[in-house]
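Quick notes on the structure that follows.
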Amino acid sequence: MNWYNKAIVYQIYPKSFQDTNDDGIGDLKGIIKHLNYIKDMGFNTIWLNPIFVSPQIDNGYDVSNYFAIDPVLGNMDDFSKLMAKAHQLNLHIILDLPINHTSDQHPWFKDAINNKNSIFKDYYIWHDQVNGHEPNNWGSFFGGSVWEKSPQNSKEYYFHLFDKRMPDLNWKNPEVQKSMADIAKFWLEKGVDGFRLDAFIHIAKANLDQNSLLTGADFPIDDTFYAKLPAVKDYLASFIKEIKAVKPDAFIFGEASSAKVRDAAEYTRPDGNCCDVVVNSDNYGEVYDDSNPDIPKFFQPRKLSLDVLKETYVTWESVLADISLPTLTWGNHDISRVLDRLNLPIQTNQITKLLAMLLFLQRGVPVIYYGEEIGMHGLKYKQVSDFTDQRAIDLIRQLRSKSMPDSQILQLLNDQDEMTARGPMQWDSSKYRGFSKVKPWNWALTDATNVDQEMQQPESIMAFYRELLQLKKHACFTVGNYQLLITNPKIYAYLRMTASKQGLVVANFSDQKQIFDLPKAKWQKVLANDGVKITASTIELSPWGCCALESKR
């Protein structure tokens, strides 16, 4: 078993974690400052969102120099100190590595458009115009066409699946494959322990002369042509083989946003130079309110369905059982925070603790977004004009054209937009929550939750997370088999079993008391939220009560 099979991952959005030079933007020194906090909480792995030089069109995912730290975050000396102290504390560091595209400010792309004989022209995807228009009707994830005219040739287009300032790389070109592997090797030599491969499922494209048959938009988003194509696995295998040759235990964590469970199985097969785990964007047990077709799915009100969550995880567990570990997460930087997004029946510490226990003790790798361990909510903006990300701008324009009032649009954005989840980490109760002495780069109304406050409260969410993550390290909750138990619809219960020990988790997702009949064993409670009563044969769970137990086998 490699170290990453026991990883408990803490995701840090560097710009929003801790500002140490009072420019309103988080930095590497801020992360160094809190490594002991991360260790003490029980995490053993840190995933950093992109830290490379970038124009910040897409918050660092548009890279203009893969071999240097963005000056706003620090420098290579800061990074070396971060790695040294993290490893001293037995913390692993994985870097977010965008491999589908670069910035249009990257030297490869600048040379490609400025030099007609550039060797870097074939690093990107180009096509001549067709009948005076775009080569096909494929839609970009950021709106409009995936094609943008070349700055130097109005009859030629380049391909961009995301923003037009983020041209896609041509992975058909062996030199691109080699260059991206060289980038990974550079950072392995700096001591990093692995990579999150951003948007890797998009690195292969279909025949560029094909058009989508979807209707309803001039440029429909149709991932038939640019997601999960067979060549992805070939490119991935070559790339990962190069990484593993340098560092056999490098952790390869793939972001496969639209992947289904059988896709995940193929991308994590242990016999094919694949990812070690993958994460997708639809494993949250959500059901959507689609009563208003004018609202795109991403922004639709939603709620948590225990039935959907059960079906999701028993399916992923069953398919991946002999292949890899599922990824256990309530969210990340690309989606609003779980306590805002899921329209929970109540907002109390009780249900926040329940969500954590229910999910993270299952078989899999927990990935916990910064601030989640203290029950942090997202930012609440005062007006729709405060939202400046492209997805929000598109929504505002679309819904205003349908005469939806700004107040309703604002509610949708505050509940669902990703920028609300990128607010500053709340360390104390000062004006800017201990993140900075000046106004943070991303700032709006926050709640009062903060680390200093919760450190003083033995029943806080933070205290519960600390105990929960220590419990996750017990063998039965790390390597044990998994069995979802058949229960009434209000209860989520499962067993985790090794040869010598077993664990049991029971959660009551309702506002009524529930009784659960215990499997026969000498059970001992190891962690619970409030109001759980245990007898030799039953557990009485108060509303939103949860409990973890262990016994010998």
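Order determines the names: the first chain of the structure tokens is A, the second B, and so forth; residues in each chain are numbered 1 upward, and ligands are numbered 1 upward as they are shown.
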Extract, using only C-alpha atoms, all DNA, RNA and protein residues at most 6 Å from Ile69 in chain A, discarding same-chain residues fewer than 2 positions from it, and format them as a PDB file with C-alpha atoms, in the first residue's frame.
ATOM      1  CA  ILE A  51       0.900  28.536  -7.798  1.00  0.00           C
ATOM      2  CA  PHE A  52       2.661  29.066 -11.158  1.00  0.00           C
ATOM      3  CA  VAL A  53       3.146  32.397 -12.932  1.00  0.00           C
ATOM      4  CA  ASN A  75       9.172  32.852  -4.851  1.00  0.00           C
TER       5      ASN A  75
END
Using only C-alpha atoms, tabulate the residues of range 2-35 of chain A lying at most 12 Å from any atom of range 461-469 of chain A, each with its closest atom pair and that distance in Å to one decimal, by chain and increasing residue number, as a tab-separated table.
residue	atom	partner	partner_atom	distance
A:Lys6	CA	A:Leu469	CA	11.2
A:Ala7	CA	A:Leu469	CA	10.7
A:Ile8	CA	A:Leu469	CA	7.8
A:Val9	CA	A:Leu469	CA	10.5
A:Tyr10	CA	A:Leu469	CA	11.3
>> Excluding Gln152 in chain A and its own-chain neighbours fewer than 3 positions away, which residues fall within 9 Å of it when counting only C-alpha atoms? Please give them as a ChimeraX atom specification.
In response: /A:113-114,149,156
> Nearest to Asp263 in chain A: which of A:Gln426, A:Asp289, A:Pro230, A:Trp187 is it, counting only C-alpha atoms?
Replying inline: A:Pro230
> Leu97 in chain A: which residues within 6 Å, counting only C-alpha atoms, same-chain residues fewer than 3 positions away excluded, as a PyMOL selection string?
Replying inline: chain A and resi 196-198
For the selection you just gave me, I'd like the residues written to a file as a compact mmCIF listing (two decimals), in the first residue's frame, keeping C-alpha atoms.
# COMPACT_ATOMS: atom_id res chain seq x y z
CA ARG A 196 -3.73 16.99 -9.33
CA LEU A 197 -4.19 16.78 -13.09
CA ASP A 198 -6.61 19.54 -13.96
>> What's around Tyr494 in chain A at 9 Å? Count only C-alpha atoms, leave out sequence neighbours fewer than 3 positions away in its own chain, and write the answer as a list in words.
In response: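 What passes the distance filter is Gln362, Tyr482, Gln483, Leu484, Leu485, Ile486, Gly503, Leu504, Val505 and Val506 of chain A.
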> What lies within 12 Å of range 76-86 of chain A using only C-alpha atoms, ignoring chain neighbours under 3 positions off, as a ChimeraX atom specification?
Replying inline: /A:27-39,43-46,48,51-53,67-73,89-95,187-193
Name the residues in contact with range 374-379 of chain A at a cut-off of 6 Å, using only C-alpha atoms, excluding same-chain residues fewer than 6 positions from it; report them as a PDB file with all heavy atoms, in the first residue's frame.
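Okay, this is what ended up in part19.pdb:
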ATOM      1  N   ARG A 337     -19.856  26.391  -1.306  1.00  0.00           N
ATOM      2  CA  ARG A 337     -19.637  25.540  -0.129  1.00  0.00           C
ATOM      3  C   ARG A 337     -20.883  24.723   0.192  1.00  0.00           C
ATOM      4  O   ARG A 337     -22.017  25.161  -0.008  1.00  0.00           O
ATOM      5  CB  ARG A 337     -19.203  26.385   1.068  1.00  0.00           C
ATOM      6  CG  ARG A 337     -17.798  26.947   0.892  1.00  0.00           C
ATOM      7  CD  ARG A 337     -17.307  27.709   2.114  1.00  0.00           C
ATOM      8  NE  ARG A 337     -15.929  28.165   1.920  1.00  0.00           N
ATOM      9  CZ  ARG A 337     -14.842  27.464   2.229  1.00  0.00           C
ATOM     10  NH1 ARG A 337     -14.987  26.257   2.772  1.00  0.00           N
ATOM     11  NH2 ARG A 337     -13.643  27.942   2.013  1.00  0.00           N
ATOM     12  N   THR A 420     -18.094  32.475  -4.279  1.00  0.00           N
ATOM     13  CA  THR A 420     -18.466  32.560  -2.870  1.00  0.00           C
ATOM     14  C   THR A 420     -17.636  31.611  -2.019  1.00  0.00           C
ATOM     15  O   THR A 420     -17.462  31.834  -0.817  1.00  0.00           O
ATOM     16  CB  THR A 420     -19.961  32.236  -2.680  1.00  0.00           C
ATOM     17  OG1 THR A 420     -20.213  30.871  -3.045  1.00  0.00           O
ATOM     18  CG2 THR A 420     -20.837  33.154  -3.510  1.00  0.00           C
ATOM     19  N   ALA A 421     -17.115  30.540  -2.634  1.00  0.00           N
ATOM     20  CA  ALA A 421     -16.336  29.539  -1.897  1.00  0.00           C
ATOM     21  C   ALA A 421     -14.860  29.888  -1.818  1.00  0.00           C
ATOM     22  O   ALA A 421     -14.089  29.151  -1.212  1.00  0.00           O
ATOM     23  CB  ALA A 421     -16.501  28.173  -2.559  1.00  0.00           C
ATOM     24  N   ALA A 444     -16.646  39.872   0.845  1.00  0.00           N
ATOM     25  CA  ALA A 444     -18.069  40.188   0.967  1.00  0.00           C
ATOM     26  C   ALA A 444     -18.472  39.828   2.403  1.00  0.00           C
ATOM     27  O   ALA A 444     -17.612  39.600   3.258  1.00  0.00           O
ATOM     28  CB  ALA A 444     -18.887  39.417  -0.064  1.00  0.00           C
ATOM     29  N   LEU A 445     -19.741  39.755   2.655  1.00  0.00           N
ATOM     30  CA  LEU A 445     -20.217  39.436   3.997  1.00  0.00           C
ATOM     31  C   LEU A 445     -19.817  38.018   4.377  1.00  0.00           C
ATOM     32  O   LEU A 445     -19.973  37.075   3.592  1.00  0.00           O
ATOM     33  CB  LEU A 445     -21.738  39.583   4.052  1.00  0.00           C
ATOM     34  CG  LEU A 445     -22.407  39.333   5.409  1.00  0.00           C
ATOM     35  CD1 LEU A 445     -21.981  40.405   6.414  1.00  0.00           C
ATOM     36  CD2 LEU A 445     -23.929  39.325   5.257  1.00  0.00           C
ATOM     37  N   THR A 446     -19.282  37.862   5.595  1.00  0.00           N
ATOM     38  CA  THR A 446     -18.926  36.537   6.110  1.00  0.00           C
ATOM     39  C   THR A 446     -19.717  36.252   7.372  1.00  0.00           C
ATOM     40  O   THR A 446     -20.309  37.150   7.973  1.00  0.00           O
ATOM     41  CB  THR A 446     -17.429  36.451   6.453  1.00  0.00           C
ATOM     42  OG1 THR A 446     -17.172  37.293   7.588  1.00  0.00           O
ATOM     43  CG2 THR A 446     -16.560  36.901   5.284  1.00  0.00           C
ATOM     44  N   ILE A 461     -17.268  22.345  15.809  1.00  0.00           N
ATOM     45  CA  ILE A 461     -17.096  21.564  14.581  1.00  0.00           C
ATOM     46  C   ILE A 461     -15.624  21.218  14.395  1.00  0.00           C
ATOM     47  O   ILE A 461     -15.270  20.090  14.024  1.00  0.00           O
ATOM     48  CB  ILE A 461     -17.627  22.350  13.374  1.00  0.00           C
ATOM     49  CG1 ILE A 461     -19.143  22.506  13.476  1.00  0.00           C
ATOM     50  CG2 ILE A 461     -17.251  21.659  12.060  1.00  0.00           C
ATOM     51  CD1 ILE A 461     -19.730  23.492  12.486  1.00  0.00           C
ATOM     52  N   MET A 462     -14.759  22.147  14.686  1.00  0.00           N
ATOM     53  CA  MET A 462     -13.320  21.931  14.548  1.00  0.00           C
ATOM     54  C   MET A 462     -12.851  20.786  15.450  1.00  0.00           C
ATOM     55  O   MET A 462     -12.075  19.913  15.020  1.00  0.00           O
ATOM     56  CB  MET A 462     -12.591  23.225  14.893  1.00  0.00           C
ATOM     57  CG  MET A 462     -11.098  23.157  14.798  1.00  0.00           C
ATOM     58  SD  MET A 462     -10.411  24.797  15.198  1.00  0.00           S
ATOM     59  CE  MET A 462      -8.713  24.344  15.485  1.00  0.00           C
TER      60      MET A 462
END
As a compact mmCIF listing (two decimals) with all heavy atoms, in the first residue's frame, list the residues of range 53-191 of chain A assigned to helix (DSSP H, G or I) by DSSP on the backbone atoms of this structure.
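See selection-v7.txt below for the written result:
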# COMPACT_ATOMS: atom_id res chain seq x y z
N MET A 76 10.65 30.98 -5.33
CA MET A 76 11.09 29.60 -5.19
C MET A 76 11.71 29.33 -3.82
O MET A 76 11.64 28.21 -3.31
CB MET A 76 12.07 29.26 -6.31
CG MET A 76 12.27 27.77 -6.50
SD MET A 76 10.74 26.88 -6.97
CE MET A 76 10.66 27.28 -8.73
N ASP A 77 12.30 30.34 -3.23
CA ASP A 77 12.84 30.16 -1.88
C ASP A 77 11.72 29.89 -0.88
O ASP A 77 11.83 29.03 0.00
CB ASP A 77 13.64 31.40 -1.47
CG ASP A 77 14.32 31.23 -0.12
OD1 ASP A 77 15.06 30.24 0.05
OD2 ASP A 77 14.13 32.09 0.77
N ASP A 78 10.62 30.63 -1.02
CA ASP A 78 9.46 30.37 -0.16
C ASP A 78 8.95 28.94 -0.36
O ASP A 78 8.58 28.26 0.60
CB ASP A 78 8.33 31.35 -0.47
CG ASP A 78 8.70 32.79 -0.18
OD1 ASP A 78 9.49 33.03 0.74
OD2 ASP A 78 8.19 33.68 -0.89
N PHE A 79 8.92 28.53 -1.64
CA PHE A 79 8.43 27.18 -1.94
C PHE A 79 9.34 26.13 -1.31
O PHE A 79 8.86 25.14 -0.74
CB PHE A 79 8.33 26.96 -3.44
CG PHE A 79 7.80 25.61 -3.81
CD1 PHE A 79 6.44 25.34 -3.73
CD2 PHE A 79 8.66 24.59 -4.20
CE1 PHE A 79 5.95 24.08 -4.05
CE2 PHE A 79 8.17 23.32 -4.52
CZ PHE A 79 6.81 23.07 -4.44
N SER A 80 10.64 26.33 -1.39
CA SER A 80 11.59 25.38 -0.79
C SER A 80 11.38 25.28 0.71
O SER A 80 11.43 24.18 1.30
CB SER A 80 13.03 25.79 -1.11
OG SER A 80 13.26 25.75 -2.50
N LYS A 81 11.15 26.42 1.35
CA LYS A 81 10.91 26.41 2.79
C LYS A 81 9.59 25.71 3.11
O LYS A 81 9.49 24.99 4.12
CB LYS A 81 10.89 27.85 3.32
CG LYS A 81 12.25 28.52 3.30
CD LYS A 81 12.17 29.98 3.74
CE LYS A 81 13.55 30.63 3.70
NZ LYS A 81 13.49 32.09 4.04
N LEU A 82 8.59 25.91 2.26
CA LEU A 82 7.31 25.23 2.45
C LEU A 82 7.50 23.72 2.37
O LEU A 82 7.01 22.97 3.22
CB LEU A 82 6.31 25.70 1.39
CG LEU A 82 4.99 24.92 1.27
CD1 LEU A 82 4.19 25.04 2.55
CD2 LEU A 82 4.18 25.41 0.08
N MET A 83 8.21 23.26 1.34
CA MET A 83 8.43 21.82 1.18
C MET A 83 9.21 21.25 2.36
O MET A 83 8.90 20.18 2.87
CB MET A 83 9.16 21.54 -0.13
CG MET A 83 8.37 21.84 -1.38
SD MET A 83 6.82 20.92 -1.50
CE MET A 83 7.37 19.25 -1.22
N ALA A 84 10.25 21.97 2.79
CA ALA A 84 11.10 21.48 3.87
C ALA A 84 10.31 21.32 5.17
O ALA A 84 10.40 20.29 5.84
CB ALA A 84 12.29 22.42 4.06
N LYS A 85 9.53 22.36 5.51
CA LYS A 85 8.79 22.27 6.77
C LYS A 85 7.67 21.24 6.68
O LYS A 85 7.42 20.50 7.64
CB LYS A 85 8.21 23.63 7.16
CG LYS A 85 7.50 23.57 8.51
CD LYS A 85 7.12 24.93 9.06
CE LYS A 85 6.45 24.77 10.43
NZ LYS A 85 6.04 26.08 10.99
N ALA A 86 7.00 21.18 5.52
CA ALA A 86 5.93 20.19 5.36
C ALA A 86 6.49 18.78 5.53
O ALA A 86 5.91 17.96 6.27
CB ALA A 86 5.28 20.34 3.98
N HIS A 87 7.59 18.48 4.89
CA HIS A 87 8.16 17.14 5.00
C HIS A 87 8.70 16.86 6.41
O HIS A 87 8.63 15.73 6.89
CB HIS A 87 9.26 16.97 3.96
CG HIS A 87 8.72 16.79 2.57
ND1 HIS A 87 9.50 16.88 1.43
CD2 HIS A 87 7.46 16.53 2.11
CE1 HIS A 87 8.76 16.68 0.35
NE2 HIS A 87 7.51 16.47 0.75
N GLN A 88 9.19 17.90 7.07
CA GLN A 88 9.61 17.74 8.46
C GLN A 88 8.42 17.31 9.34
O GLN A 88 8.58 16.54 10.30
CB GLN A 88 10.20 19.06 8.97
CG GLN A 88 10.76 19.01 10.38
CD GLN A 88 11.29 20.36 10.83
OE1 GLN A 88 10.94 21.40 10.26
NE2 GLN A 88 12.12 20.36 11.84
N PRO A 107 5.17 31.63 -23.43
CA PRO A 107 6.11 31.81 -24.55
C PRO A 107 5.83 30.90 -25.73
O PRO A 107 6.08 31.31 -26.89
CB PRO A 107 7.47 31.50 -23.91
CG PRO A 107 7.29 31.83 -22.46
CD PRO A 107 5.87 31.47 -22.15
N TRP A 108 5.33 29.69 -25.50
CA TRP A 108 5.01 28.80 -26.63
C TRP A 108 3.98 29.46 -27.54
O TRP A 108 4.14 29.49 -28.76
CB TRP A 108 4.46 27.47 -26.14
CG TRP A 108 5.37 26.63 -25.32
CD1 TRP A 108 6.74 26.71 -25.25
CD2 TRP A 108 4.99 25.57 -24.45
NE1 TRP A 108 7.22 25.77 -24.39
CE2 TRP A 108 6.18 25.04 -23.88
CE3 TRP A 108 3.77 25.00 -24.07
CZ2 TRP A 108 6.17 23.98 -22.98
CZ3 TRP A 108 3.75 23.93 -23.19
CH2 TRP A 108 4.94 23.43 -22.64
N PHE A 109 2.89 29.95 -26.94
CA PHE A 109 1.81 30.51 -27.75
C PHE A 109 2.23 31.84 -28.37
O PHE A 109 1.90 32.12 -29.54
CB PHE A 109 0.55 30.69 -26.91
CG PHE A 109 -0.68 31.01 -27.73
CD1 PHE A 109 -1.31 30.03 -28.46
CD2 PHE A 109 -1.18 32.31 -27.79
CE1 PHE A 109 -2.43 30.31 -29.25
CE2 PHE A 109 -2.31 32.60 -28.56
CZ PHE A 109 -2.92 31.60 -29.29
N LYS A 110 2.95 32.65 -27.64
CA LYS A 110 3.39 33.94 -28.18
C LYS A 110 4.29 33.73 -29.40
O LYS A 110 4.18 34.44 -30.40
CB LYS A 110 4.09 34.75 -27.09
CG LYS A 110 3.14 35.20 -25.98
CD LYS A 110 3.85 35.87 -24.83
CE LYS A 110 4.24 37.29 -25.16
NZ LYS A 110 4.78 38.01 -23.98
N ASP A 111 5.16 32.72 -29.32
CA ASP A 111 6.02 32.44 -30.46
C ASP A 111 5.20 31.87 -31.62
O ASP A 111 5.45 32.18 -32.79
CB ASP A 111 7.12 31.45 -30.06
CG ASP A 111 8.20 31.34 -31.11
OD1 ASP A 111 8.99 32.29 -31.24
OD2 ASP A 111 8.25 30.31 -31.82
N ALA A 112 4.21 31.05 -31.27
CA ALA A 112 3.38 30.41 -32.31
C ALA A 112 2.63 31.44 -33.15
O ALA A 112 2.42 31.24 -34.35
CB ALA A 112 2.40 29.44 -31.68
N ILE A 113 2.21 32.55 -32.54
CA ILE A 113 1.44 33.54 -33.30
C ILE A 113 2.31 34.63 -33.90
O ILE A 113 1.88 35.34 -34.82
CB ILE A 113 0.33 34.19 -32.44
CG1 ILE A 113 0.92 34.91 -31.23
CG2 ILE A 113 -0.69 33.14 -32.01
CD1 ILE A 113 -0.11 35.69 -30.42
N ASN A 114 3.55 34.77 -33.41
CA ASN A 114 4.41 35.85 -33.88
C ASN A 114 5.48 35.40 -34.87
O ASN A 114 6.10 36.24 -35.53
CB ASN A 114 5.08 36.55 -32.70
CG ASN A 114 4.09 37.34 -31.86
OD1 ASN A 114 3.23 38.01 -32.39
ND2 ASN A 114 4.23 37.24 -30.54
N LYS A 121 4.11 26.20 -33.10
CA LYS A 121 2.78 26.31 -33.72
C LYS A 121 1.97 25.04 -33.48
O LYS A 121 0.78 25.08 -33.14
CB LYS A 121 2.93 26.56 -35.23
CG LYS A 121 1.60 26.76 -35.98
CD LYS A 121 0.94 28.06 -35.58
CE LYS A 121 -0.36 28.30 -36.34
NZ LYS A 121 -0.16 28.73 -37.72
N ASP A 122 2.65 23.89 -33.62
CA ASP A 122 1.95 22.62 -33.46
C ASP A 122 1.78 22.21 -32.00
O ASP A 122 1.29 21.13 -31.71
CB ASP A 122 2.71 21.52 -34.22
CG ASP A 122 1.83 20.30 -34.46
OD1 ASP A 122 0.63 20.47 -34.77
OD2 ASP A 122 2.34 19.17 -34.31
N TYR A 123 2.17 23.10 -31.08
CA TYR A 123 1.87 22.85 -29.66
C TYR A 123 0.39 23.13 -29.37
O TYR A 123 -0.11 22.77 -28.30
CB TYR A 123 2.73 23.74 -28.78
CG TYR A 123 4.07 23.14 -28.39
CD1 TYR A 123 4.91 22.57 -29.34
CD2 TYR A 123 4.50 23.15 -27.06
CE1 TYR A 123 6.13 22.02 -28.98
CE2 TYR A 123 5.71 22.60 -26.69
CZ TYR A 123 6.53 22.04 -27.65
OH TYR A 123 7.74 21.50 -27.28
N PRO A 174 3.97 14.77 -30.01
CA PRO A 174 4.85 14.14 -29.00
C PRO A 174 5.69 15.15 -28.22
O PRO A 174 6.03 14.89 -27.05
CB PRO A 174 5.75 13.22 -29.85
CG PRO A 174 4.98 12.96 -31.09
CD PRO A 174 4.20 14.23 -31.35
N GLU A 175 5.99 16.31 -28.85
CA GLU A 175 6.78 17.32 -28.14
C GLU A 175 5.97 17.95 -27.01
O GLU A 175 6.54 18.35 -25.98
CB GLU A 175 7.26 18.39 -29.11
CG GLU A 175 8.33 17.91 -30.09
CD GLU A 175 9.56 17.39 -29.38
OE1 GLU A 175 10.02 18.06 -28.41
OE2 GLU A 175 10.08 16.33 -29.75
N VAL A 176 4.67 18.07 -27.18
CA VAL A 176 3.82 18.55 -26.09
C VAL A 176 3.84 17.55 -24.95
O VAL A 176 3.99 17.92 -23.77
CB VAL A 176 2.38 18.79 -26.57
CG1 VAL A 176 1.43 18.99 -25.39
CG2 VAL A 176 2.32 20.00 -27.50
N GLN A 177 3.69 16.28 -25.27
CA GLN A 177 3.72 15.24 -24.23
C GLN A 177 5.04 15.28 -23.46
O GLN A 177 5.05 15.20 -22.23
CB GLN A 177 3.51 13.87 -24.87
CG GLN A 177 2.17 13.73 -25.58
CD GLN A 177 2.03 12.40 -26.29
OE1 GLN A 177 2.50 11.37 -25.82
NE2 GLN A 177 1.37 12.41 -27.45
N LYS A 178 6.14 15.41 -24.19
CA LYS A 178 7.45 15.45 -23.54
C LYS A 178 7.60 16.71 -22.69
O LYS A 178 8.11 16.66 -21.56
CB LYS A 178 8.56 15.40 -24.59
CG LYS A 178 9.97 15.42 -24.01
CD LYS A 178 11.02 15.40 -25.09
CE LYS A 178 12.42 15.33 -24.48
NZ LYS A 178 12.70 16.48 -23.58
N SER A 179 7.15 17.84 -23.21
CA SER A 179 7.28 19.11 -22.48
C SER A 179 6.50 19.08 -21.17
O SER A 179 6.98 19.56 -20.13
CB SER A 179 6.82 20.27 -23.36
OG SER A 179 7.67 20.43 -24.47
N MET A 180 5.28 18.54 -21.21
CA MET A 180 4.47 18.49 -19.99
C MET A 180 5.08 17.52 -18.98
O MET A 180 5.07 17.77 -17.76
CB MET A 180 3.03 18.11 -20.33
CG MET A 180 2.31 19.12 -21.21
SD MET A 180 2.42 20.84 -20.64
CE MET A 180 1.42 20.77 -19.16
N ALA A 181 5.66 16.41 -19.46
CA ALA A 181 6.34 15.49 -18.55
C ALA A 181 7.57 16.14 -17.93
O ALA A 181 7.86 15.96 -16.74
CB ALA A 181 6.73 14.21 -19.30
N ASP A 182 8.28 16.96 -18.71
CA ASP A 182 9.45 17.66 -18.19
C ASP A 182 9.05 18.64 -17.09
O ASP A 182 9.79 18.83 -16.11
CB ASP A 182 10.17 18.40 -19.32
CG ASP A 182 10.94 17.46 -20.24
OD1 ASP A 182 11.15 16.28 -19.87
OD2 ASP A 182 11.30 17.91 -21.35
N ILE A 183 7.92 19.29 -17.27
CA ILE A 183 7.42 20.20 -16.24
C ILE A 183 7.17 19.44 -14.93
O ILE A 183 7.59 19.86 -13.85
CB ILE A 183 6.12 20.90 -16.71
CG1 ILE A 183 6.44 21.91 -17.82
CG2 ILE A 183 5.41 21.59 -15.54
CD1 ILE A 183 5.21 22.38 -18.58
N ALA A 184 6.49 18.30 -15.04
CA ALA A 184 6.21 17.49 -13.85
C ALA A 184 7.51 17.04 -13.18
O ALA A 184 7.65 17.10 -11.94
CB ALA A 184 5.36 16.28 -14.23
N LYS A 185 8.48 16.61 -13.97
CA LYS A 185 9.76 16.15 -13.42
C LYS A 185 10.49 17.28 -12.69
O LYS A 185 11.13 17.05 -11.66
CB LYS A 185 10.64 15.59 -14.54
CG LYS A 185 10.14 14.29 -15.14
CD LYS A 185 11.02 13.89 -16.31
CE LYS A 185 10.49 12.70 -17.06
NZ LYS A 185 11.31 12.35 -18.24
N PHE A 186 10.40 18.49 -13.23
CA PHE A 186 11.03 19.64 -12.58
C PHE A 186 10.53 19.79 -11.15
O PHE A 186 11.31 20.00 -10.21
CB PHE A 186 10.73 20.90 -13.40
CG PHE A 186 11.17 22.19 -12.76
CD1 PHE A 186 12.47 22.64 -12.91
CD2 PHE A 186 10.28 22.94 -12.00
CE1 PHE A 186 12.88 23.84 -12.31
CE2 PHE A 186 10.68 24.14 -11.40
CZ PHE A 186 11.98 24.59 -11.56
N TRP A 187 9.21 19.68 -10.97
CA TRP A 187 8.64 19.87 -9.64
C TRP A 187 8.86 18.65 -8.74
O TRP A 187 8.99 18.80 -7.52
CB TRP A 187 7.16 20.23 -9.75
CG TRP A 187 7.00 21.62 -10.31
CD1 TRP A 187 6.66 21.97 -11.58
CD2 TRP A 187 7.24 22.84 -9.61
NE1 TRP A 187 6.67 23.33 -11.73
CE2 TRP A 187 7.03 23.89 -10.54
CE3 TRP A 187 7.61 23.15 -8.31
CZ2 TRP A 187 7.17 25.23 -10.19
CZ3 TRP A 187 7.76 24.49 -7.95
CH2 TRP A 187 7.54 25.51 -8.89
N LEU A 188 8.95 17.47 -9.34
CA LEU A 188 9.32 16.30 -8.53
C LEU A 188 10.72 16.48 -7.94
O LEU A 188 10.97 16.12 -6.78
CB LEU A 188 9.26 15.03 -9.38
CG LEU A 188 7.87 14.56 -9.82
CD1 LEU A 188 8.00 13.37 -10.77
CD2 LEU A 188 6.99 14.21 -8.63
N GLU A 189 11.62 17.05 -8.73
CA GLU A 189 12.97 17.30 -8.23
C GLU A 189 12.97 18.35 -7.13
O GLU A 189 13.89 18.39 -6.30
CB GLU A 189 13.87 17.74 -9.39
CG GLU A 189 14.17 16.61 -10.38
CD GLU A 189 14.87 17.10 -11.64
OE1 GLU A 189 15.15 18.32 -11.74
OE2 GLU A 189 15.13 16.25 -12.52
